[in-house]
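These notes concern the structure reproduced below.
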Amino acid sequence: MALFRITRSGLANFSKLSAAATLAGAGGWQLWTMHCYFEPFGPENDPIFQSGHYQRHNPGDHPSLKDSCVRKVSLSQIPPDLVEDALKGGSKLLERFCAGVWGGYGYAIQRNILARLGRNGSNEESILWDKKQLLNSTYEEGTNVTDHFVVVGKTPRSVVLWGAHAPSEDSGVPRDMENLAEVTADINVDQGVAEFRLKNIFYNGVERTSKELFPPPIVWLHFQYCKLLVEGGVSHCMA
């Protein structure tokens with residue numbers, strides 16, 4: 001996210017905030033997202049801050065906006081084959097969740113605007129632009145999501161993405177706004193639930209600054225958008 005400019009990234013950012021603002025103003029928004037919550041998230045309790053992904057993309061440990069949105073779902077609401085695969089160490093539940101986050105209704109406005117602005121004959125094959133592609137992807141390392149995120153790591157329970165303006169171009173050049181996102185899916189047998197998370201770390205990749213990355217209203221809308229993305233992902237996983 002950034003202050004809006006009439007650019008490809010500015011219009012895309014406006015689109016996701018528009019989606020969040022529209023739903024946040026709807027009467028049933030709080031009821032609909034009441035099962036999503038934000039947990040404590042930082043270097044003291046999450047290993048992503050010590051990971052090679054973080055060290056590579058934010059080597060200066062520049063100050064960040066960080067959040068982790070959680071949604072728990074009873075295992076009885078998840079297709080048994082997905083639960084069984086996850087318990088055996090498979091990645092099908094994670095892939096289904098990731099597909100719902102990026103191919104589902106939560107990302108629809110941003111996905112469509114990014115495709116209109118950036119899709120052309122030279123990148124039709126190398127970048128996932130539309131709903132069908134994103135819903136069918138397994139999100140292997142190197143997967144490019146609407147030229148806004150690139151998968152930089154994958155395990156059976158986690159997909160890590162680097163987000164920036166047009167990451168397909170000059171991928172090694174720092175941007176003044178970057179994002180590490182981690183999408184996870186876990187089975188908690190003791191609680192009888194599947195735990196889904198979308199984690200975000202936003203930072204200035206160019207310089208170390210004490211300035212706030214976003215004004216408070218934009219931060220609030222970002223949190224609403226995270227809930228929307230998570231709900232879209234979870235709905236794709238439920239039986």
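We label chains A, B, ... in the order they appear in the structure tokens, count residues from 1 in each chain, and number ligands from 1 in the order shown.
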Next item on the list: Quick one: everything within 8 Å of stretch 50-53 of chain A, counting only C-alpha atoms, minus sequence neighbours fewer than 6 positions away in the same chain. Send it as a PyMOL selection string.
Entry: chain A and resi 43+152-153
Checklist line | 9 Å contact set for stretch 80-86 of chain A, only C-alpha atoms, chain neighbours under 2 positions out, as a ChimeraX atom specification | finding: /A:75-78,88-94,96,156-157,185-187,194,237,239
If you keep C-alpha atoms, can you produce a file of those selected residues as a short mmCIF file (atom, residue, chain, number, x, y, z; two decimals), in the first residue's frame?
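Dumped everything to result24.cif:
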```cif
data_model
loop_
_atom_site.label_atom_id
_atom_site.label_comp_id
_atom_site.auth_asym_id
_atom_site.auth_seq_id
_atom_site.Cartn_x
_atom_site.Cartn_y
_atom_site.Cartn_z
CA LEU A 75 -11.80 -30.15 11.09
CA SER A 76 -15.36 -31.36 10.49
CA GLN A 77 -15.74 -28.46 8.02
CA ILE A 78 -12.64 -29.38 6.00
CA LYS A 88 0.79 -37.14 6.38
CA GLY A 89 2.95 -34.09 5.66
CA GLY A 90 1.34 -33.14 2.35
CA SER A 91 0.70 -29.62 1.06
CA LYS A 92 -2.79 -29.92 -0.46
CA LEU A 93 -4.54 -27.97 2.32
CA LEU A 94 -1.97 -25.18 2.12
CA ARG A 96 -6.07 -24.91 -1.46
CA PRO A 156 4.17 -28.37 3.14
CA ARG A 157 2.71 -25.84 5.60
CA ALA A 185 -2.07 -23.90 7.05
CA ASP A 186 -1.72 -26.20 10.07
CA ILE A 187 -3.71 -28.99 11.66
CA ALA A 194 -7.29 -26.27 11.01
CA CYS A 237 -11.03 -24.97 1.88
CA ALA A 239 -16.42 -28.78 2.55
#
```
Margin query: I need the residues of stretch 1-230 of chain A that end up classed as alpha helix (DSSP H) by DSSP on the backbone, written out as a ChimeraX atom specification.
Written below: /A:8-24,29-32,52-57,80-87,92-103,108-118,131-136,216-230
Note to self: as number ranges by chain, please: the residues near A:Gly104 (cut-off 9 Å, only C-alpha atoms, same-chain neighbours under 2 positions excluded).
What the structure shows: A: 99-102, 106-108, 131, 134-135, 229, 232-233, 235-236
Notebook entry, point to check: For A:Pro47, which residue out of A:Asp190, A:Glu182, A:Asp147, A:Asp170 is the nearest one, using only C-alpha atoms?
Noted result: A:Glu182
Margin query: I'd like the neighbourhood of A:Val160 as number ranges by chain, where a residue qualifies if any of its atoms comes within 12 Å (using only C-alpha atoms), though same-chain residues fewer than 2 positions away should be ignored.
Written below: A: 48, 51-54, 57, 94, 98, 139-144, 149-158, 162-163, 179-184, 197-201
Just write the chosen residues, N, CA and C atoms, as a short mmCIF file (atom, residue, chain, number, x, y, z; two decimals), in the first residue's frame.
```cif
data_model
loop_
_atom_site.label_atom_id
_atom_site.label_comp_id
_atom_site.auth_asym_id
_atom_site.auth_seq_id
_atom_site.Cartn_x
_atom_site.Cartn_y
_atom_site.Cartn_z
N ILE A 48 10.08 -16.33 11.04
CA ILE A 48 10.28 -15.72 9.74
C ILE A 48 11.23 -14.53 9.81
N SER A 51 14.61 -15.82 9.27
CA SER A 51 14.73 -16.68 8.10
C SER A 51 15.63 -16.08 7.04
N GLY A 52 16.08 -16.93 6.12
CA GLY A 52 16.86 -16.45 4.99
C GLY A 52 16.07 -15.52 4.10
N HIS A 53 14.75 -15.72 4.03
CA HIS A 53 13.91 -14.84 3.21
C HIS A 53 13.97 -13.41 3.74
N TYR A 54 13.82 -13.27 5.05
CA TYR A 54 13.84 -11.93 5.66
C TYR A 54 15.22 -11.30 5.52
N HIS A 57 15.76 -10.19 1.81
CA HIS A 57 14.93 -9.10 1.28
C HIS A 57 14.95 -7.85 2.16
N LEU A 94 -2.65 -26.46 2.30
CA LEU A 94 -1.97 -25.18 2.12
C LEU A 94 -2.22 -24.64 0.72
N CYS A 98 -4.03 -21.16 -0.22
CA CYS A 98 -3.33 -20.14 -1.00
C CYS A 98 -4.10 -19.81 -2.28
N TYR A 139 1.51 -23.12 -6.31
CA TYR A 139 2.34 -22.09 -5.68
C TYR A 139 3.75 -22.59 -5.35
N GLU A 140 4.39 -23.11 -6.42
CA GLU A 140 5.78 -23.54 -6.29
C GLU A 140 6.67 -22.30 -6.29
N GLU A 141 7.90 -22.48 -5.82
CA GLU A 141 8.85 -21.37 -5.78
C GLU A 141 9.03 -20.79 -7.18
N GLY A 142 9.01 -19.48 -7.29
CA GLY A 142 9.12 -18.78 -8.56
C GLY A 142 7.80 -18.37 -9.17
N THR A 143 6.68 -18.89 -8.62
CA THR A 143 5.36 -18.51 -9.14
C THR A 143 5.14 -17.01 -8.96
N ASN A 144 4.73 -16.35 -10.03
CA ASN A 144 4.49 -14.90 -10.00
C ASN A 144 2.98 -14.66 -9.99
N PHE A 149 3.34 -10.30 -6.44
CA PHE A 149 3.99 -11.19 -5.49
C PHE A 149 4.72 -12.30 -6.25
N VAL A 150 5.86 -12.72 -5.72
CA VAL A 150 6.58 -13.88 -6.25
C VAL A 150 6.84 -14.84 -5.10
N VAL A 151 6.54 -16.12 -5.31
CA VAL A 151 6.79 -17.13 -4.28
C VAL A 151 8.30 -17.33 -4.16
N VAL A 152 8.84 -17.10 -2.96
CA VAL A 152 10.28 -17.24 -2.73
C VAL A 152 10.60 -18.44 -1.85
N GLY A 153 9.58 -19.12 -1.33
CA GLY A 153 9.82 -20.31 -0.53
C GLY A 153 8.54 -21.08 -0.29
N LYS A 154 8.67 -22.41 -0.22
CA LYS A 154 7.50 -23.24 0.04
C LYS A 154 7.90 -24.47 0.84
N THR A 155 7.08 -24.80 1.85
CA THR A 155 7.16 -26.05 2.59
C THR A 155 5.74 -26.63 2.58
N PRO A 156 5.53 -27.83 3.11
CA PRO A 156 4.17 -28.37 3.14
C PRO A 156 3.17 -27.55 3.94
N ARG A 157 3.63 -26.64 4.79
CA ARG A 157 2.71 -25.84 5.60
C ARG A 157 2.84 -24.34 5.36
N SER A 158 3.73 -23.91 4.50
CA SER A 158 3.99 -22.47 4.36
C SER A 158 4.39 -22.09 2.95
N TRP A 162 7.38 -12.65 -1.81
CA TRP A 162 7.93 -11.30 -1.77
C TRP A 162 7.06 -10.41 -2.63
N GLY A 163 6.58 -9.32 -2.06
CA GLY A 163 5.70 -8.40 -2.76
C GLY A 163 6.37 -7.07 -3.03
N ASN A 179 7.15 -6.06 0.69
CA ASN A 179 6.30 -6.84 1.58
C ASN A 179 6.74 -8.30 1.55
N LEU A 180 6.96 -8.88 2.71
CA LEU A 180 7.10 -10.32 2.81
C LEU A 180 5.78 -10.84 3.37
N ALA A 181 5.18 -11.77 2.68
CA ALA A 181 3.92 -12.36 3.13
C ALA A 181 4.12 -13.86 3.28
N GLU A 182 3.54 -14.42 4.34
CA GLU A 182 3.58 -15.86 4.53
C GLU A 182 2.16 -16.37 4.72
N VAL A 183 1.80 -17.36 3.92
CA VAL A 183 0.50 -18.02 4.00
C VAL A 183 0.73 -19.40 4.59
N THR A 184 0.05 -19.72 5.69
CA THR A 184 0.28 -21.01 6.34
C THR A 184 -1.04 -21.74 6.61
N ARG A 197 -3.35 -18.87 8.44
CA ARG A 197 -2.74 -17.58 8.75
C ARG A 197 -2.26 -16.86 7.49
N LEU A 198 -2.39 -15.55 7.52
CA LEU A 198 -1.77 -14.67 6.53
C LEU A 198 -0.94 -13.66 7.30
N LYS A 199 0.38 -13.75 7.13
CA LYS A 199 1.30 -12.85 7.83
C LYS A 199 1.87 -11.85 6.83
N ASN A 200 2.06 -10.61 7.28
CA ASN A 200 2.60 -9.56 6.43
C ASN A 200 3.68 -8.78 7.16
N ILE A 201 4.74 -8.47 6.44
CA ILE A 201 5.79 -7.57 6.94
C ILE A 201 6.04 -6.55 5.84
#
```
Margin query: So that I can check the surroundings of A:Val145, please list as a list in words every protein, DNA and RNA residue that reaches within 7 Å of it, counting only C-alpha atoms and ignoring chain neighbours fewer than 5 positions away.
Written below: Ile127, Leu128, Trp129 and Val150 of chain A
Keeping C-alpha atoms, export the residues of the selection given above as an mmCIF file, in the first residue's frame.
```
data_model
loop_
_atom_site.group_PDB
_atom_site.id
_atom_site.type_symbol
_atom_site.label_atom_id
_atom_site.label_comp_id
_atom_site.auth_asym_id
_atom_site.auth_seq_id
_atom_site.Cartn_x
_atom_site.Cartn_y
_atom_site.Cartn_z
ATOM 1 C CA ILE A 127 2.690 -14.658 -14.735
ATOM 2 C CA LEU A 128 -0.572 -15.881 -13.197
ATOM 3 C CA TRP A 129 -3.164 -13.215 -13.968
ATOM 4 C CA VAL A 150 6.582 -13.877 -6.251
#
```
Next item on the list: Extract the full set of strand (DSSP E or B) residues from stretch 25-232 of chain A according to DSSP on the backbone, and format it as an MDAnalysis selection string.
Entry: chainID A and resid 36:38 64:74 128 144:145 149:155 158:163 178:188 193:203
Note to self: Could you tell me how far atom CA of A:Gly118 sits from atom CA of A:Glu169, in Å to one decimal place?
What the structure shows: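 Going from atom CA of A:Glu169 over to atom CA of A:Gly118, I get 11.7 Å.
With only C-alpha atoms as the basis for measurement, A:Phe97 is the residue among A:Phe97, A:Phe214, A:Tyr225, A:Tyr37 that approaches A:Val159 most closely.
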Next item on the list: Go through A:Phe223, A:Val73, A:Asn136, A:Phe202 one by one, measure the shortest atom-to-atom distance of each to A:Leu161 using only C-alpha atoms, and give the residue with the smallest value.
Entry: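 When distances to A:Leu161 are compared using only C-alpha atoms, the smallest one comes from A:Phe202.
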Check: Quick one: of A:Ser168, A:Lys227, A:Arg111, A:Leu117, who's nearest to A:Asp130, counting only C-alpha atoms?
Finding: A:Arg111
Next item on the list: Check the smallest atom-to-atom distance from each of A:Val230, A:Val189, A:Ala166, A:Met177 to A:Glu207 using only C-alpha atoms, then report the winner.
Entry: A:Met177
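You can rank A:His148, A:Lys72, A:Arg175, A:Lys66 by their closest distance to A:Gly192 using only C-alpha atoms, and at the top of that list sits A:Lys72.
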